[in-house]
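One file, input09.cif, is given below (mmCIF, C-alpha atoms and all ligand atoms).
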data_input
loop_
_atom_site.label_atom_id
_atom_site.label_comp_id
_atom_site.auth_asym_id
_atom_site.auth_seq_id
_atom_site.Cartn_x
_atom_site.Cartn_y
_atom_site.Cartn_z
CA MET M 4 154.26 128.66 138.48
CA ASP M 5 154.85 132.38 138.97
CA LYS M 6 151.97 133.19 141.31
CA LEU M 7 150.43 131.47 144.30
CA PHE M 8 146.67 131.87 144.70
CA VAL M 9 145.50 131.54 148.30
CA PRO M 10 142.16 132.48 149.85
CA ARG M 11 142.46 135.00 152.70
CA GLU M 12 140.94 132.55 155.20
CA LEU M 13 143.78 130.10 154.56
CA ILE M 14 146.40 132.82 155.00
CA ALA M 15 144.74 133.72 158.31
CA GLU M 16 144.89 130.07 159.36
CA ILE M 17 148.56 129.79 158.45
CA LEU M 18 149.38 132.90 160.49
CA ALA M 19 147.34 131.66 163.45
CA HIS M 20 149.10 128.28 163.32
CA CYS M 21 152.55 129.93 163.19
CA LYS M 22 151.73 132.15 166.18
CA GLU M 23 150.32 129.19 168.09
CA CYS M 24 153.58 127.24 167.70
CA TYR M 25 155.80 130.20 168.59
CA PRO M 26 158.66 130.13 169.71
CA TYR M 27 158.92 126.90 167.73
CA GLU M 28 158.62 126.58 163.98
CA ALA M 29 155.22 125.59 162.61
CA CYS M 30 154.79 123.64 159.37
CA GLY M 31 152.06 122.46 157.07
CA ILE M 32 150.78 121.87 153.57
CA LEU M 33 148.37 123.74 151.31
CA ALA M 34 146.45 121.56 148.90
CA GLY M 35 144.43 122.58 145.88
CA GLN M 36 143.80 122.22 142.20
CA PHE M 37 145.10 124.07 139.17
CA GLY M 38 147.43 126.13 141.34
CA VAL M 39 144.68 127.44 143.61
CA SER M 40 144.97 126.42 147.26
CA LYS M 41 141.76 125.37 148.93
CA LYS M 42 142.74 123.36 151.96
CA ILE M 43 145.23 123.58 154.81
CA TYR M 44 146.86 120.70 156.66
CA LYS M 45 148.64 121.74 159.84
CA ILE M 46 151.35 119.17 160.53
CA LYS M 47 153.34 118.47 163.66
CA ASN M 48 156.95 119.64 163.69
CA ILE M 49 158.88 116.81 165.37
CA GLU M 50 161.92 119.03 165.82
CA LYS M 51 160.35 121.36 168.43
CA SER M 52 162.87 124.01 167.50
CA SER M 53 163.03 127.72 166.60
CA VAL M 54 165.49 127.06 163.78
CA SER M 55 164.43 123.71 162.33
CA TYR M 56 161.43 121.67 161.26
CA MET M 57 160.59 118.21 160.06
CA MET M 58 157.03 117.13 159.44
CA GLU M 59 155.96 114.11 161.47
CA PRO M 60 156.48 111.44 158.77
CA GLY M 61 153.33 109.43 159.46
CA GLU M 62 151.15 112.53 159.41
CA GLN M 63 152.78 113.73 156.20
CA PHE M 64 152.20 110.32 154.62
CA THR M 65 148.52 110.28 155.63
CA VAL M 66 147.96 113.80 154.33
CA MET M 67 149.63 113.05 150.99
CA LYS M 68 147.52 109.93 150.63
CA GLU M 69 144.33 111.87 151.33
CA MET M 70 145.34 114.51 148.81
CA ARG M 71 145.94 111.86 146.16
CA GLU M 72 142.58 110.25 146.85
CA GLN M 73 140.84 113.61 146.57
CA GLY M 74 142.71 114.60 143.42
CA LEU M 75 144.47 117.50 145.15
CA GLU M 76 147.99 118.66 144.48
CA MET M 77 150.44 120.07 147.01
CA THR M 78 150.26 123.74 146.03
CA ALA M 79 152.49 124.93 148.87
CA ILE M 80 154.56 123.87 151.85
CA TYR M 81 154.62 126.43 154.64
CA HIS M 82 156.72 126.90 157.75
CA SER M 83 157.55 129.71 160.11
CA HIS M 84 160.78 131.47 160.98
CA PRO M 85 160.27 132.60 164.59
CA VAL M 86 163.69 134.25 164.79
CA SER M 87 164.71 135.01 161.22
CA SER M 88 163.52 136.76 158.08
CA ALA M 89 160.99 135.50 155.52
CA TYR M 90 163.61 134.03 153.23
CA PRO M 91 164.76 130.41 152.70
CA SER M 92 167.64 129.39 154.96
CA PRO M 93 170.52 127.30 153.58
CA LYS M 94 168.88 124.26 155.22
CA ASP M 95 165.57 125.07 153.49
CA VAL M 96 167.39 125.14 150.17
CA SER M 97 169.31 121.91 150.70
CA LEU M 98 166.14 120.05 151.75
CA ALA M 99 163.78 121.48 149.12
CA PHE M 100 162.92 118.13 147.54
CA TYR M 101 159.48 119.16 146.29
CA GLN M 102 160.54 121.49 143.54
CA ASP M 103 157.08 121.58 141.94
CA SER M 104 155.61 123.01 145.11
CA VAL M 105 155.90 126.56 146.42
CA TYR M 106 157.63 127.18 149.75
CA VAL M 107 155.79 129.69 151.92
CA ILE M 108 157.72 131.21 154.81
CA VAL M 109 156.23 133.27 157.63
CA SER M 110 158.60 135.45 159.64
CA LEU M 111 157.56 136.29 163.17
CA VAL M 112 160.52 138.53 163.91
CA ASN M 113 158.47 141.71 163.84
CA ASP M 114 155.14 142.48 165.51
CA GLU M 115 153.40 142.13 162.17
CA PRO M 116 154.07 138.67 160.63
CA LEU M 117 155.57 138.74 157.16
CA ILE M 118 154.55 136.05 154.67
CA LYS M 119 156.42 135.32 151.45
CA ALA M 120 156.47 132.56 148.86
CA PHE M 121 159.37 131.05 146.95
CA GLU M 122 160.17 128.56 144.29
CA ILE M 123 163.34 126.63 145.20
CA LYS M 124 164.74 124.73 142.24
CA ASP M 125 168.25 123.31 142.01
CA ASP M 126 169.48 125.66 144.75
CA ILE M 127 168.02 128.71 143.00
CA ILE M 128 165.56 130.79 145.01
CA LYS M 129 162.90 132.81 143.20
CA GLU M 130 160.24 134.84 144.97
CA ILE M 131 156.66 134.10 143.90
CA GLU M 132 153.87 136.62 144.22
CA ILE M 133 151.05 135.62 146.59
CA ILE M 134 147.62 136.53 145.23
CA TYR M 135 145.01 136.75 147.97
CA SER M 136 141.74 135.51 146.57
CA MET N 21 150.56 90.40 140.58
CA ALA N 22 153.64 92.41 141.28
CA VAL N 23 154.71 94.99 143.82
CA LYS N 24 153.24 98.43 143.29
CA VAL N 25 155.69 101.25 143.93
CA ARG N 26 154.52 104.82 144.39
CA ILE N 27 157.03 107.32 143.08
CA PRO N 28 157.01 110.79 144.65
CA THR N 29 156.92 113.86 142.37
CA PRO N 30 160.62 114.68 142.98
CA LEU N 31 161.62 111.31 141.48
CA GLN N 32 159.14 111.20 138.61
CA LYS N 33 161.71 112.74 136.29
CA LEU N 34 163.45 109.36 136.43
CA THR N 35 160.29 107.40 135.59
CA ASP N 36 159.10 109.50 132.65
CA GLY N 37 156.50 111.17 134.83
CA LYS N 38 154.96 107.93 136.07
CA ASP N 39 153.72 108.12 139.67
CA GLU N 40 153.40 104.37 139.93
CA VAL N 41 155.72 101.63 138.69
CA GLU N 42 156.02 97.90 139.17
CA GLY N 43 158.63 96.21 141.28
CA GLU N 44 159.66 92.69 142.22
CA PRO N 45 159.13 90.96 145.55
CA GLY N 46 162.13 90.53 147.83
CA THR N 47 163.39 92.99 150.41
CA ILE N 48 163.27 96.77 150.38
CA ILE N 49 166.93 96.95 149.43
CA SER N 50 166.53 94.45 146.58
CA LEU N 51 163.50 96.42 145.38
CA ILE N 52 165.53 99.64 145.35
CA ASN N 53 168.31 97.87 143.41
CA PHE N 54 165.71 96.62 140.94
CA LEU N 55 164.27 100.13 140.53
CA ASN N 56 167.76 101.52 140.03
CA SER N 57 168.44 99.04 137.23
CA LYS N 58 165.26 100.13 135.47
CA TYR N 59 165.49 103.81 136.34
CA PRO N 60 169.18 104.70 136.70
CA GLY N 61 169.84 107.27 139.39
CA MET N 62 166.93 106.17 141.54
CA GLY N 63 169.17 104.25 143.96
CA GLU N 64 171.33 107.15 145.05
CA ARG N 65 168.31 109.37 145.53
CA ILE N 66 166.84 106.89 148.02
CA THR N 67 169.84 105.28 149.69
CA GLU N 68 173.36 106.08 150.76
CA GLY N 69 175.82 103.27 151.51
CA GLY N 70 173.06 100.65 151.39
CA LYS N 71 170.90 102.50 153.94
CA VAL N 72 167.76 104.50 153.29
CA ARG N 73 168.61 108.19 153.49
CA LYS N 74 167.65 110.13 156.60
CA PHE N 75 165.27 112.38 154.67
CA VAL N 76 163.49 109.60 152.80
CA ASN N 77 160.64 107.64 154.35
CA ILE N 78 159.46 104.32 152.93
CA TYR N 79 156.14 102.68 153.66
CA ILE N 80 154.90 99.19 152.92
CA ASN N 81 151.17 99.54 152.64
CA ASP N 82 150.70 101.93 155.58
CA GLU N 83 153.67 100.88 157.72
CA ASP N 84 156.90 102.83 158.04
CA ILE N 85 159.77 100.40 157.36
CA ARG N 86 161.65 101.95 160.31
CA PHE N 87 159.09 100.22 162.54
CA LEU N 88 159.60 96.95 160.62
CA LYS N 89 163.01 95.67 159.55
CA ASN N 90 164.21 98.74 157.67
CA GLU N 91 166.05 97.85 154.45
CA GLU N 92 165.62 94.14 155.19
CA THR N 93 161.83 94.36 155.41
CA GLU N 94 160.20 91.75 153.19
CA VAL N 95 158.12 92.91 150.22
CA LYS N 96 155.53 90.52 148.85
CA ASP N 97 153.43 90.33 145.71
CA GLY N 98 150.50 92.69 146.03
CA ASP N 99 152.22 95.00 148.49
CA GLU N 100 152.20 98.71 147.87
CA VAL N 101 155.48 100.48 148.59
CA SER N 102 155.54 104.29 148.89
CA ILE N 103 158.71 106.34 148.71
CA VAL N 104 158.18 109.67 150.44
CA PRO N 105 160.88 112.33 150.75
CA ALA N 106 160.59 114.14 154.07
CA ILE N 107 159.42 117.73 154.25
CA ALA N 108 161.94 119.52 156.40
CA GLY N 109 164.10 122.58 156.65
CA GLY N 110 165.26 125.23 159.03
ZN ZN M 201 163.06 127.90 156.89
#
Show the structure stored in the file as structure tokens.
Amino acid sequence: MDKLFVPRELIAEILAHCKECYPYEACGILAGQFGVSKKIYKIKNIEKSSVSYMMEPGEQFTVMKEMREQGLEMTAIYHSHPVSSAYPSPKDVSLAFYQDSVYVIVSLVNDEPLIKAFEIKDDIIKEIEIIYS
Amino acid sequence: MAVKVRIPTPLQKLTDGKDEVEGEPGTIISLINFLNSKYPGMGERITEGGKVRKFVNIYINDEDIRFLKNEETEVKDGDEVSIVPAIAGG
């Protein structure tokens, strides 16, 4: 995948969720079909931290089950960086198990949030263009 | 009837792309050993020193094994076991 297609409404929801959780990291999943995201799942970050996140396992499990039942794929995994740039941290890279998904990172360091997408495969980070549809 | 095991996308490389495989009844740890004998490499992706890795969650039907008996949780014919790597980072 070299581009991530996301409707503007979903981007707005991601940004709102990240601001809502500030100063803690927010996290969630985008689900869709054929590489186009159509649904957002906001998931609880059990870490309650500005520098770390872990999705609440039970919630993650339920969401993944629902996605499977609805024939949706996990198009992206998003989380916020309240105090750092929109780029994967070493921890993001070491825990990037879902290599087929795209990792979306929202930085809240500046007044205007910055949103970027990355593919993280075998410790290699590649930026992916976000296409607002 | 056997045990149905759901394989997450990150581990499907080991199962030729299959998202569901069959396992044998026993305990979670014996099931993982069985999977590793059929799909070499699976064991170390799920466990470390005989314990399920911190960033891997395992469910029997809809129950997290951490709320049951962890690696010693019994798996019966007809059960559905899901292996789910955590989504986490910093
Ligand atoms: Zn991060």
Test item: residues lying within 6 Å of ligand ZN 201 (chain M) with all atoms listed in the file, as number ranges by chain:
M: 84, 91-92, 95; N: 109-110
Export of the given selection (C-alpha atoms) as a short mmCIF file (atom, residue, chain, number, x, y, z; two decimals), in the coordinates of the input:
data_model
loop_
_atom_site.label_atom_id
_atom_site.label_comp_id
_atom_site.auth_asym_id
_atom_site.auth_seq_id
_atom_site.Cartn_x
_atom_site.Cartn_y
_atom_site.Cartn_z
CA HIS M 84 160.78 131.47 160.98
CA PRO M 91 164.76 130.41 152.70
CA SER M 92 167.64 129.39 154.96
CA ASP M 95 165.57 125.07 153.49
CA GLY N 109 164.10 122.58 156.65
CA GLY N 110 165.26 125.23 159.03
#
Point-to-point distance in Å for atom CA of N:Arg26 and atom CA of N:Val95
13.7 Å
Straight-line distance linking atom CA of M:Met70 with atom CA of N:Tyr79, stated in Å to one decimal
16.7 Å
Excluding same-chain residues fewer than 4 positions from N:Asp39, what lies within 9 Å of it counting only C-alpha atoms, as a ChimeraX atom specification?
/N:25-29,31-32,35
Atoms to include: C-alpha atoms. Write the selected residues as a PDB file, in the coordinates of the input.
ATOM      1  CA  VAL N  25     155.690 101.250 143.930  1.00  0.00           C
ATOM      2  CA  ARG N  26     154.520 104.820 144.390  1.00  0.00           C
ATOM      3  CA  ILE N  27     157.030 107.320 143.080  1.00  0.00           C
ATOM      4  CA  PRO N  28     157.010 110.790 144.650  1.00  0.00           C
ATOM      5  CA  THR N  29     156.920 113.860 142.370  1.00  0.00           C
ATOM      6  CA  LEU N  31     161.620 111.310 141.480  1.00  0.00           C
ATOM      7  CA  GLN N  32     159.140 111.200 138.610  1.00  0.00           C
ATOM      8  CA  THR N  35     160.290 107.400 135.590  1.00  0.00           C
TER       9      THR N  35
END
Atom CA of N:Pro45 and atom CA of N:Glu94, how far apart in Å?
7.8 Å
Need the neighbours of (169.3, 107.8, 147.6): which residues are at most 10 Å away, counting all atoms listed in the file, as number ranges by chain?
N: 52, 56, 61-76
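Counting only C-alpha atoms and comparing N:Ala22, N:Ala106, N:Thr93, N:Pro30, the residue that lies closest to M:Lys124 is N:Pro30.
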Up to 6 Å from chain N, what residues of chain M turn up? Count only C-alpha atoms and give them as number ranges by chain.
M: 54-58, 94-95, 98, 101
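If you count all atoms listed in the file and ignore residues fewer than 5 places along the chain from stretch 50-52 of chain M, what sits within 8 Å of it is Pro26, Tyr27, Glu28 and Met57 of chain M.
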Emit as JSON the padded axis-aligned box for all listed atoms of stretch 73-84 of chain N, 5 Å per side, with centre and edge lengths in Å to one decimal.
{"center_x": 159.7, "center_y": 105.8, "center_z": 155.3, "size_x": 27.9, "size_y": 23.2, "size_z": 15.4}
Exercise: M:Cys21 partners within 10 Å, only C-alpha atoms, chain neighbours under 6 positions left out, as a PyMOL selection string:
chain M and resi 15+27-31+45+81-85+108-111+116
Smallest atom-to-atom distance to M:Asn48: which of M:Leu7, M:Cys24, M:Leu33, M:Val112, using only C-alpha atoms?
M:Cys24
Since the input has fewer atoms than a full residue there, write stretch 57-76 of chain N out with N, CA, C and O atoms, as a CSV table (one decimal), in the coordinates of the input.
chain,number,residue,atom,x,y,z
N,57,SER,N,168.0,99.6,138.5
N,57,SER,CA,168.4,99.0,137.2
N,57,SER,C,167.5,99.5,136.1
N,57,SER,O,167.9,99.6,135.0
N,58,LYS,N,166.2,99.7,136.5
N,58,LYS,CA,165.3,100.1,135.5
N,58,LYS,C,165.3,101.6,135.3
N,58,LYS,O,165.0,102.2,134.2
N,59,TYR,N,165.5,102.3,136.4
N,59,TYR,CA,165.5,103.8,136.3
N,59,TYR,C,166.8,104.3,137.0
N,59,TYR,O,166.8,104.7,138.1
N,60,PRO,N,167.9,104.3,136.2
N,60,PRO,CA,169.2,104.7,136.7
N,60,PRO,C,169.2,106.0,137.4
N,60,PRO,O,168.5,107.0,137.0
N,61,GLY,N,169.8,106.1,138.6
N,61,GLY,CA,169.8,107.3,139.4
N,61,GLY,C,168.9,107.2,140.6
N,61,GLY,O,169.0,107.9,141.6
N,62,MET,N,167.9,106.3,140.5
N,62,MET,CA,166.9,106.2,141.5
N,62,MET,C,167.6,105.7,142.9
N,62,MET,O,167.3,106.3,143.9
N,63,GLY,N,168.5,104.8,142.8
N,63,GLY,CA,169.2,104.2,144.0
N,63,GLY,C,169.8,105.3,144.8
N,63,GLY,O,169.6,105.4,146.0
N,64,GLU,N,170.6,106.2,144.2
N,64,GLU,CA,171.3,107.2,145.0
N,64,GLU,C,170.4,108.2,145.6
N,64,GLU,O,170.7,108.9,146.6
N,65,ARG,N,169.2,108.4,145.0
N,65,ARG,CA,168.3,109.4,145.5
N,65,ARG,C,167.6,108.8,146.8
N,65,ARG,O,167.2,109.6,147.6
N,66,ILE,N,167.6,107.5,146.9
N,66,ILE,CA,166.8,106.9,148.0
N,66,ILE,C,167.8,106.4,149.1
N,66,ILE,O,167.5,106.5,150.3
N,67,THR,N,168.9,105.9,148.7
N,67,THR,CA,169.8,105.3,149.7
N,67,THR,C,171.2,105.9,149.6
N,67,THR,O,171.6,106.6,148.6
N,68,GLU,N,172.0,105.6,150.7
N,68,GLU,CA,173.4,106.1,150.8
N,68,GLU,C,174.1,105.0,151.5
N,68,GLU,O,173.7,104.7,152.6
N,69,GLY,N,175.1,104.4,150.9
N,69,GLY,CA,175.8,103.3,151.5
N,69,GLY,C,174.9,102.1,151.9
N,69,GLY,O,175.1,101.5,153.0
N,70,GLY,N,173.9,101.8,151.1
N,70,GLY,CA,173.1,100.6,151.4
N,70,GLY,C,172.0,100.9,152.4
N,70,GLY,O,171.2,100.0,152.7
N,71,LYS,N,171.9,102.1,152.9
N,71,LYS,CA,170.9,102.5,153.9
N,71,LYS,C,170.0,103.6,153.4
N,71,LYS,O,170.4,104.4,152.6
N,72,VAL,N,168.7,103.5,153.8
N,72,VAL,CA,167.8,104.5,153.3
N,72,VAL,C,168.2,105.8,153.9
N,72,VAL,O,168.5,105.9,155.1
N,73,ARG,N,168.2,106.9,153.0
N,73,ARG,CA,168.6,108.2,153.5
N,73,ARG,C,167.7,108.7,154.6
N,73,ARG,O,166.5,108.4,154.7
N,74,LYS,N,168.3,109.6,155.4
N,74,LYS,CA,167.6,110.1,156.6
N,74,LYS,C,166.4,110.9,156.2
N,74,LYS,O,165.4,110.8,156.9
N,75,PHE,N,166.4,111.6,155.1
N,75,PHE,CA,165.3,112.4,154.7
N,75,PHE,C,164.3,111.7,153.7
N,75,PHE,O,163.6,112.3,152.9
N,76,VAL,N,164.4,110.4,153.6
N,76,VAL,CA,163.5,109.6,152.8
N,76,VAL,C,162.8,108.6,153.7
N,76,VAL,O,163.4,107.9,154.5
